[in-house]
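Novice: One structure is given below, represented as structure tokens, and several questions about it will come after.
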Amino acid sequence: MTLQIAEVSTNSKAHEPRVCWARQIRQTRAVAGSIKSASSAQPGAGWIPFHPNPRKPGYRLPVGAVDAHCHVFGPAAEFPFAPERKYTPCDAGKDKLFALRDYLGFTRNVIVQATCHGKDNSAVLDALRTAGNRARGVADIPANISDAELRSMDEAGIRGVRFNFVRRLVDTRPQEFYLDIVERIKQFGWHVVVYFEAQDLEGLTPFLRSLPVTVVVDHMGRPDVAKGIDHPNFRRFLTLMEDMPNLWSKVTCPERLSVTGPPYNDVVPFCGEVISRFPDRVLWGTDWPHPNMTTHAPDDGELVDFIPKIAVSVTQRRKLLIENPMRLYWPEEGIGQ
Ligand code: 0GY
């Protein structure tokens, strides 16, 4: 396969090294080839790898923009996938993530533990330690984790835990399991990220209302876009946002929610509604490397170009991309307070 080589520089920090996204991918592929025998993990059948050559976005991200939802997968030879995982992805390590960050023009990342790594957060912690102040993380932890381990995670940059209720991804647990974890993380001021599908919100609502910390919902609770923004499931989500001042939403994953496909215009009204009503409680992220896509590998440059369609004013975009993620993940910097 021929990859286009484009010498690009980050548009967020002119003094940082120039990064060639495509070249990094080629180099990583060569390395991956040489260590193939050491890695037992082959992507699952039909696995769609991330886009090898995303376009340069037309929308220029503001300096300080945060990609607040992305993952790292492996590399499996170094960070093996969990035995209990429901899917086996391709390798997508920290070097590629940081190259993409610079190529698209983001300043920072929030790296979310993916279910394929189970409760072993080593790959995320390693990425956080490499990125220093340019990344924060969200972990998946058991309730019996030691205080020392929690403290070490906090020092590395973990600021939240993720509760995943999507049945194709995890075996869910009784509510006490999650409440015990919340008891453990409260002392660190961490928040909870929840991932569920629209039809499960009604059942989860009492649990969500009981949480005494900030709660961030992945991908707007995965509305069924074909049903339109007036469907009771999406209205239920908006009502809960209205009722719970501690509830935030990621306005992410048009590529997952869209029925019509790129450029994902059918998802615009959903994100637009959430942003216009709750501008101080929304986050945006690429979701790179896009686990479990069934139709196509989204072009991350095209995803960035989606942002001005959903956050239509400079003020909305500043809150979405800088002030909100900074308040949640880097409160010590005082931005957006
Ligand atoms: C996402 C979505 C998915 C997977 C995971 O942790 C994960 O495995 O988050 C999905 O398959 O919908 O947010 O990245």
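Residue numbering restarts at 1 for every chain of the structure tokens, chains are lettered A, B, ... in their displayed order, and ligands are numbered from 1 as they appear.
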Can you tell me which residues come within 8 Å of ligand 1 when counting only C-alpha atoms and all ligand atoms, ideally as a ChimeraX atom specification?
Specialist: /A:69-71,87,112-116,164,166,168-169,195,218-219,253,256,287-293
Novice: Hey, can you spit out that residue selection with N, CA and C atoms as a CSV table (one decimal), in the first residue's frame?
Specialist:
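This is the output file again01.csv:
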chain,number,residue,atom,x,y,z
A,69,HIS,N,-11.5,12.1,24.4
A,69,HIS,CA,-11.9,10.7,24.4
A,69,HIS,C,-11.1,10.0,23.3
A,70,CYS,N,-10.1,9.3,23.8
A,70,CYS,CA,-9.3,8.4,22.8
A,70,CYS,C,-8.7,7.3,23.7
A,71,HIS,N,-8.2,6.3,22.9
A,71,HIS,CA,-7.7,5.1,23.6
A,71,HIS,C,-6.3,4.8,23.1
A,87,TYR,N,-13.3,-8.3,22.3
A,87,TYR,CA,-12.7,-8.1,21.0
A,87,TYR,C,-11.2,-8.0,21.0
A,112,VAL,N,-8.8,7.1,27.6
A,112,VAL,CA,-9.8,6.3,28.3
A,112,VAL,C,-9.4,4.8,28.2
A,113,GLN,N,-9.4,4.1,29.3
A,113,GLN,CA,-9.1,2.7,29.3
A,113,GLN,C,-10.2,2.0,28.5
A,114,ALA,N,-9.7,1.2,27.5
A,114,ALA,CA,-10.6,0.4,26.7
A,114,ALA,C,-10.9,-1.0,27.3
A,115,THR,N,-12.0,-1.5,27.0
A,115,THR,CA,-12.4,-2.8,27.6
A,115,THR,C,-11.5,-4.0,27.2
A,116,CYS,N,-10.8,-3.8,26.0
A,116,CYS,CA,-9.9,-4.9,25.6
A,116,CYS,C,-8.7,-5.1,26.5
A,164,ASN,N,-18.7,0.7,32.3
A,164,ASN,CA,-19.2,0.3,31.0
A,164,ASN,C,-20.4,-0.6,31.1
A,166,VAL,N,-22.3,-1.4,28.3
A,166,VAL,CA,-22.7,-1.9,27.0
A,166,VAL,C,-22.4,-3.4,27.0
A,168,ARG,N,-22.3,-5.8,24.8
A,168,ARG,CA,-21.5,-6.5,23.9
A,168,ARG,C,-20.0,-6.3,24.3
A,169,LEU,N,-19.7,-5.4,25.2
A,169,LEU,CA,-18.3,-5.1,25.5
A,169,LEU,C,-17.9,-5.7,26.9
A,195,TYR,N,-20.7,4.5,30.1
A,195,TYR,CA,-21.0,4.1,28.7
A,195,TYR,C,-22.2,3.2,28.7
A,218,ASP,N,-20.7,8.9,27.9
A,218,ASP,CA,-20.0,8.7,26.6
A,218,ASP,C,-21.1,8.8,25.5
A,219,HIS,N,-20.7,9.6,24.4
A,219,HIS,CA,-21.4,9.6,23.1
A,219,HIS,C,-22.9,9.9,23.3
A,253,CYS,N,-18.4,10.6,18.6
A,253,CYS,CA,-18.7,9.4,17.9
A,253,CYS,C,-19.9,9.6,16.8
A,256,ARG,N,-20.1,6.5,14.8
A,256,ARG,CA,-20.7,5.3,15.4
A,256,ARG,C,-22.2,5.4,15.3
A,287,ASP,N,-12.2,9.6,19.6
A,287,ASP,CA,-12.4,8.1,19.8
A,287,ASP,C,-11.4,7.3,19.1
A,288,TRP,N,-10.3,7.9,18.6
A,288,TRP,CA,-9.3,7.1,18.0
A,288,TRP,C,-8.8,6.0,19.0
A,289,PRO,N,-8.5,4.9,18.6
A,289,PRO,CA,-8.5,4.3,17.2
A,289,PRO,C,-9.8,3.6,16.8
A,290,HIS,N,-10.9,4.1,17.3
A,290,HIS,CA,-12.2,3.7,16.8
A,290,HIS,C,-12.5,2.2,16.9
A,291,PRO,N,-12.6,1.7,18.1
A,291,PRO,CA,-12.8,0.2,18.2
A,291,PRO,C,-14.2,-0.2,17.6
A,292,ASN,N,-14.2,-1.4,17.1
A,292,ASN,CA,-15.4,-2.1,16.7
A,292,ASN,C,-16.2,-1.3,15.7
A,293,MET,N,-15.6,-0.6,14.8
A,293,MET,CA,-16.4,0.0,13.7
A,293,MET,C,-16.7,-1.1,12.7
Novice: List the neighbours of segment 179-188 of chain A out to 10 Å using only C-alpha atoms; skip same-chain residues closer than 4 positions along the sequence, and give me the result as an mmCIF file with C-alpha atoms, in the first residue's frame.
Specialist:
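Written file, result-v2.cif:
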data_model
loop_
_atom_site.group_PDB
_atom_site.id
_atom_site.type_symbol
_atom_site.label_atom_id
_atom_site.label_comp_id
_atom_site.auth_asym_id
_atom_site.auth_seq_id
_atom_site.Cartn_x
_atom_site.Cartn_y
_atom_site.Cartn_z
ATOM 1 C CA ASP A 140 -11.070 0.780 34.901
ATOM 2 C CA ILE A 141 -10.406 -0.465 38.431
ATOM 3 C CA PRO A 142 -11.611 -3.125 40.866
ATOM 4 C CA ALA A 143 -13.048 -2.007 44.223
ATOM 5 C CA ASN A 144 -10.337 -3.849 46.159
ATOM 6 C CA ILE A 145 -7.521 -1.804 44.648
ATOM 7 C CA SER A 146 -5.061 -0.559 47.275
ATOM 8 C CA ASP A 147 -4.826 3.077 48.318
ATOM 9 C CA LEU A 150 -4.873 4.607 43.522
ATOM 10 C CA ARG A 151 -2.422 7.275 44.648
ATOM 11 C CA ASP A 154 -3.551 9.798 40.502
ATOM 12 C CA ILE A 158 -5.773 9.374 36.160
ATOM 13 C CA ARG A 159 -8.761 11.585 36.955
ATOM 14 C CA GLY A 160 -11.715 9.249 36.583
ATOM 15 C CA VAL A 161 -13.033 5.705 36.315
ATOM 16 C CA PHE A 163 -18.262 2.147 34.130
ATOM 17 C CA PRO A 174 -24.489 -5.443 40.392
ATOM 18 C CA GLN A 175 -24.769 -1.747 41.298
ATOM 19 C CA VAL A 192 -17.135 8.669 36.699
ATOM 20 C CA PHE A 207 -28.110 4.693 39.858
ATOM 21 C CA SER A 210 -27.307 8.495 43.262
ATOM 22 C CA LEU A 211 -23.704 9.204 42.252
ATOM 23 C CA PRO A 212 -22.122 11.902 44.432
ATOM 24 C CA VAL A 213 -19.457 12.878 41.864
#
Novice: Taking 4 positions as the minimum chain separation for residues in the same chain, which residues sit within 7 Å of segment 259-273 of chain A when counting only C-alpha atoms? Answer as a list of chain:residue names.
Specialist: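 These residues fall inside the cut-off: A:Val225, A:Ala226, A:Ile229, A:Val251, A:Pro254, A:Glu255, A:Arg277, A:Lys309, A:Ile310, A:Ala311.
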Novice: Have a look at A:Asp280, A:Ile307, A:Gln316, A:Arg235 and name the one nearest to Gly336 of chain A; count only C-alpha atoms.
Specialist: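 Using only C-alpha atoms, the shortest distance to Gly336 of chain A belongs to A:Asp280.
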Novice: Just want the 8 Å neighbourhood of Ala65 of chain A, counted on only C-alpha atoms, with same-chain residues fewer than 4 positions away dropped. Output as a list in words.
Specialist: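 Surrounding residues, per the criterion: Leu61, Gly105, Phe106, Thr107, Arg108, Leu321 and Ile322 of chain A.
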Novice: Take the residues that were just selected and, keeping N, CA and C atoms, output them as a PDB file, in the first residue's frame.
Specialist:
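The resulting file, result_4.pdb, is shown below:
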ATOM      1  N   LEU A  61      -7.999  23.939  14.808  1.00  0.00           N
ATOM      2  CA  LEU A  61      -8.330  23.853  16.243  1.00  0.00           C
ATOM      3  C   LEU A  61      -7.668  24.989  17.003  1.00  0.00           C
ATOM      4  N   GLY A 105      -3.723  18.895  15.416  1.00  0.00           N
ATOM      5  CA  GLY A 105      -3.623  20.203  16.063  1.00  0.00           C
ATOM      6  C   GLY A 105      -4.153  20.250  17.478  1.00  0.00           C
ATOM      7  N   PHE A 106      -4.316  19.081  18.108  1.00  0.00           N
ATOM      8  CA  PHE A 106      -4.695  19.080  19.521  1.00  0.00           C
ATOM      9  C   PHE A 106      -3.469  19.344  20.382  1.00  0.00           C
ATOM     10  N   THR A 107      -3.702  19.893  21.570  1.00  0.00           N
ATOM     11  CA  THR A 107      -2.622  20.127  22.521  1.00  0.00           C
ATOM     12  C   THR A 107      -2.536  18.993  23.534  1.00  0.00           C
ATOM     13  N   ARG A 108      -3.715  18.450  23.897  1.00  0.00           N
ATOM     14  CA  ARG A 108      -3.748  17.450  24.966  1.00  0.00           C
ATOM     15  C   ARG A 108      -4.711  16.316  24.630  1.00  0.00           C
ATOM     16  N   LEU A 321     -13.838  22.618  23.628  1.00  0.00           N
ATOM     17  CA  LEU A 321     -12.502  22.076  23.324  1.00  0.00           C
ATOM     18  C   LEU A 321     -11.452  22.421  24.374  1.00  0.00           C
ATOM     19  N   ILE A 322     -11.679  23.527  25.114  1.00  0.00           N
ATOM     20  CA  ILE A 322     -10.637  23.969  26.049  1.00  0.00           C
ATOM     21  C   ILE A 322     -11.179  24.088  27.480  1.00  0.00           C
TER      22      ILE A 322
END
Novice: List every residue of segment 105-239 of chain A that DSSP, applied to the backbone of this structure, assigns to strand (DSSP E or B), and report them as a list in words.
Specialist: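 Reading the DSSP output for segment 105-239 of chain A, strand (DSSP E or B) covers Arg108, Asn109, Val110, Ile111, Val112, Ala135, Arg136, Gly137, Val138, Ala139, Ile158, Arg159, Gly160, Val161, Arg162, Phe163, Asn164, His191, Val192, Val193, Val194, Tyr195, Val215, Val216 and Val217 of chain A.
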Novice: Can I get the selection written as a PDB file, in the first residue's frame, with N, CA and C atoms?
Specialist:
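Printed below is out-v1.pdb as written:
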ATOM      1  N   ARG A 108      -3.715  18.450  23.897  1.00  0.00           N
ATOM      2  CA  ARG A 108      -3.748  17.450  24.966  1.00  0.00           C
ATOM      3  C   ARG A 108      -4.711  16.316  24.630  1.00  0.00           C
ATOM      4  N   ASN A 109      -4.533  15.206  25.362  1.00  0.00           N
ATOM      5  CA  ASN A 109      -5.434  14.043  25.236  1.00  0.00           C
ATOM      6  C   ASN A 109      -5.986  13.641  26.595  1.00  0.00           C
ATOM      7  N   VAL A 110      -7.191  13.098  26.572  1.00  0.00           N
ATOM      8  CA  VAL A 110      -7.693  12.320  27.710  1.00  0.00           C
ATOM      9  C   VAL A 110      -7.829  10.883  27.207  1.00  0.00           C
ATOM     10  N   ILE A 111      -7.018   9.999  27.789  1.00  0.00           N
ATOM     11  CA  ILE A 111      -6.945   8.616  27.301  1.00  0.00           C
ATOM     12  C   ILE A 111      -7.811   7.738  28.207  1.00  0.00           C
ATOM     13  N   VAL A 112      -8.777   7.094  27.585  1.00  0.00           N
ATOM     14  CA  VAL A 112      -9.772   6.316  28.325  1.00  0.00           C
ATOM     15  C   VAL A 112      -9.443   4.828  28.202  1.00  0.00           C
ATOM     16  N   ALA A 135      -1.408  14.875  28.938  1.00  0.00           N
ATOM     17  CA  ALA A 135      -2.484  13.877  28.912  1.00  0.00           C
ATOM     18  C   ALA A 135      -2.974  13.580  30.323  1.00  0.00           C
ATOM     19  N   ARG A 136      -4.245  13.248  30.393  1.00  0.00           N
ATOM     20  CA  ARG A 136      -4.863  12.721  31.605  1.00  0.00           C
ATOM     21  C   ARG A 136      -5.568  11.426  31.208  1.00  0.00           C
ATOM     22  N   GLY A 137      -5.995  10.648  32.230  1.00  0.00           N
ATOM     23  CA  GLY A 137      -6.565   9.359  31.888  1.00  0.00           C
ATOM     24  C   GLY A 137      -7.792   9.009  32.705  1.00  0.00           C
ATOM     25  N   VAL A 138      -8.529   8.038  32.183  1.00  0.00           N
ATOM     26  CA  VAL A 138      -9.694   7.462  32.853  1.00  0.00           C
ATOM     27  C   VAL A 138      -9.446   5.960  32.910  1.00  0.00           C
ATOM     28  N   ALA A 139      -9.530   5.377  34.119  1.00  0.00           N
ATOM     29  CA  ALA A 139      -9.130   3.987  34.338  1.00  0.00           C
ATOM     30  C   ALA A 139     -10.341   3.089  34.553  1.00  0.00           C
ATOM     31  N   ILE A 158      -4.397   9.895  36.217  1.00  0.00           N
ATOM     32  CA  ILE A 158      -5.773   9.374  36.160  1.00  0.00           C
ATOM     33  C   ILE A 158      -6.685  10.327  36.932  1.00  0.00           C
ATOM     34  N   ARG A 159      -7.831  10.648  36.315  1.00  0.00           N
ATOM     35  CA  ARG A 159      -8.761  11.585  36.955  1.00  0.00           C
ATOM     36  C   ARG A 159     -10.193  11.048  37.003  1.00  0.00           C
ATOM     37  N   GLY A 160     -10.364   9.799  36.561  1.00  0.00           N
ATOM     38  CA  GLY A 160     -11.715   9.249  36.583  1.00  0.00           C
ATOM     39  C   GLY A 160     -11.697   7.746  36.376  1.00  0.00           C
ATOM     40  N   VAL A 161     -12.871   7.129  36.604  1.00  0.00           N
ATOM     41  CA  VAL A 161     -13.033   5.705  36.315  1.00  0.00           C
ATOM     42  C   VAL A 161     -14.184   5.553  35.321  1.00  0.00           C
ATOM     43  N   ARG A 162     -14.113   4.484  34.537  1.00  0.00           N
ATOM     44  CA  ARG A 162     -15.166   4.268  33.540  1.00  0.00           C
ATOM     45  C   ARG A 162     -15.993   3.055  33.924  1.00  0.00           C
ATOM     46  N   PHE A 163     -17.329   3.251  33.922  1.00  0.00           N
ATOM     47  CA  PHE A 163     -18.262   2.147  34.130  1.00  0.00           C
ATOM     48  C   PHE A 163     -18.920   1.866  32.789  1.00  0.00           C
ATOM     49  N   ASN A 164     -18.710   0.666  32.292  1.00  0.00           N
ATOM     50  CA  ASN A 164     -19.210   0.325  30.971  1.00  0.00           C
ATOM     51  C   ASN A 164     -20.420  -0.588  31.120  1.00  0.00           C
ATOM     52  N   HIS A 191     -13.839  11.617  38.776  1.00  0.00           N
ATOM     53  CA  HIS A 191     -15.221  11.539  38.302  1.00  0.00           C
ATOM     54  C   HIS A 191     -15.476  10.152  37.701  1.00  0.00           C
ATOM     55  N   VAL A 192     -16.724   9.949  37.291  1.00  0.00           N
ATOM     56  CA  VAL A 192     -17.135   8.669  36.699  1.00  0.00           C
ATOM     57  C   VAL A 192     -17.536   8.916  35.247  1.00  0.00           C
ATOM     58  N   VAL A 193     -17.033   8.075  34.357  1.00  0.00           N
ATOM     59  CA  VAL A 193     -17.472   8.098  32.958  1.00  0.00           C
ATOM     60  C   VAL A 193     -18.363   6.879  32.758  1.00  0.00           C
ATOM     61  N   VAL A 194     -19.532   7.075  32.178  1.00  0.00           N
ATOM     62  CA  VAL A 194     -20.434   5.932  31.958  1.00  0.00           C
ATOM     63  C   VAL A 194     -20.716   5.757  30.471  1.00  0.00           C
ATOM     64  N   TYR A 195     -20.724   4.487  30.073  1.00  0.00           N
ATOM     65  CA  TYR A 195     -21.013   4.149  28.682  1.00  0.00           C
ATOM     66  C   TYR A 195     -22.204   3.196  28.679  1.00  0.00           C
ATOM     67  N   VAL A 215     -20.453  13.025  36.680  1.00  0.00           N
ATOM     68  CA  VAL A 215     -20.704  11.845  35.848  1.00  0.00           C
ATOM     69  C   VAL A 215     -20.667  12.289  34.377  1.00  0.00           C
ATOM     70  N   VAL A 216     -19.831  11.649  33.592  1.00  0.00           N
ATOM     71  CA  VAL A 216     -19.708  12.015  32.177  1.00  0.00           C
ATOM     72  C   VAL A 216     -20.249  10.869  31.332  1.00  0.00           C
ATOM     73  N   VAL A 217     -21.206  11.174  30.463  1.00  0.00           N
ATOM     74  CA  VAL A 217     -21.824  10.138  29.624  1.00  0.00           C
ATOM     75  C   VAL A 217     -21.115  10.094  28.269  1.00  0.00           C
TER      76      VAL A 217
END
Novice: With only C-alpha atoms as the atoms that count, which of A:Asp67, A:Glu333, A:Asp171, A:Glu149 lies nearest to Leu320 of chain A?
Specialist: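 Among A:Asp67, A:Glu333, A:Asp171, A:Glu149, it is A:Asp67 that comes nearest to Leu320 of chain A.
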Novice: Would you list the contacts of segment 52-60 of chain A as an MDAnalysis selection string, taking every protein, DNA or RNA residue within 6 Å and counting only C-alpha atoms, but skipping same-chain residues closer than 3 positions in sequence?
Specialist: chainID A and resid 299:301 305
Novice: Could you dump the residues just selected with C-alpha atoms as a compact mmCIF listing (two decimals), in the first residue's frame?
Specialist:
# COMPACT_ATOMS: atom_id res chain seq x y z
CA ASP A 299 -11.05 9.94 8.74
CA ASP A 300 -9.95 11.77 11.90
CA GLY A 301 -9.46 14.98 9.93
CA ASP A 305 -14.20 19.23 10.60
Novice: When you look at Glu323 of chain A with a cut-off of 10 Å (counting only C-alpha atoms), what residues show up, excluding the ones that are within fewer than 2 positions of it in the same chain? I need them as a VMD selection string.
Specialist: chain A and resid 64 to 66 280 to 283 315 to 321 325 to 328 330 to 331 334 to 337
Novice: Do you have the atom CA of Pro245 of chain A-atom CA of Val274 of chain A distance handy?
Specialist: 13.6 Å
Novice: Could you find all residues in segment 94-198 of chain A that DSSP calls alpha helix (DSSP H) from the backbone, and write them as a VMD selection string?
Specialist: chain A and resid 94 to 104 122 to 131 147 to 156 175 to 185
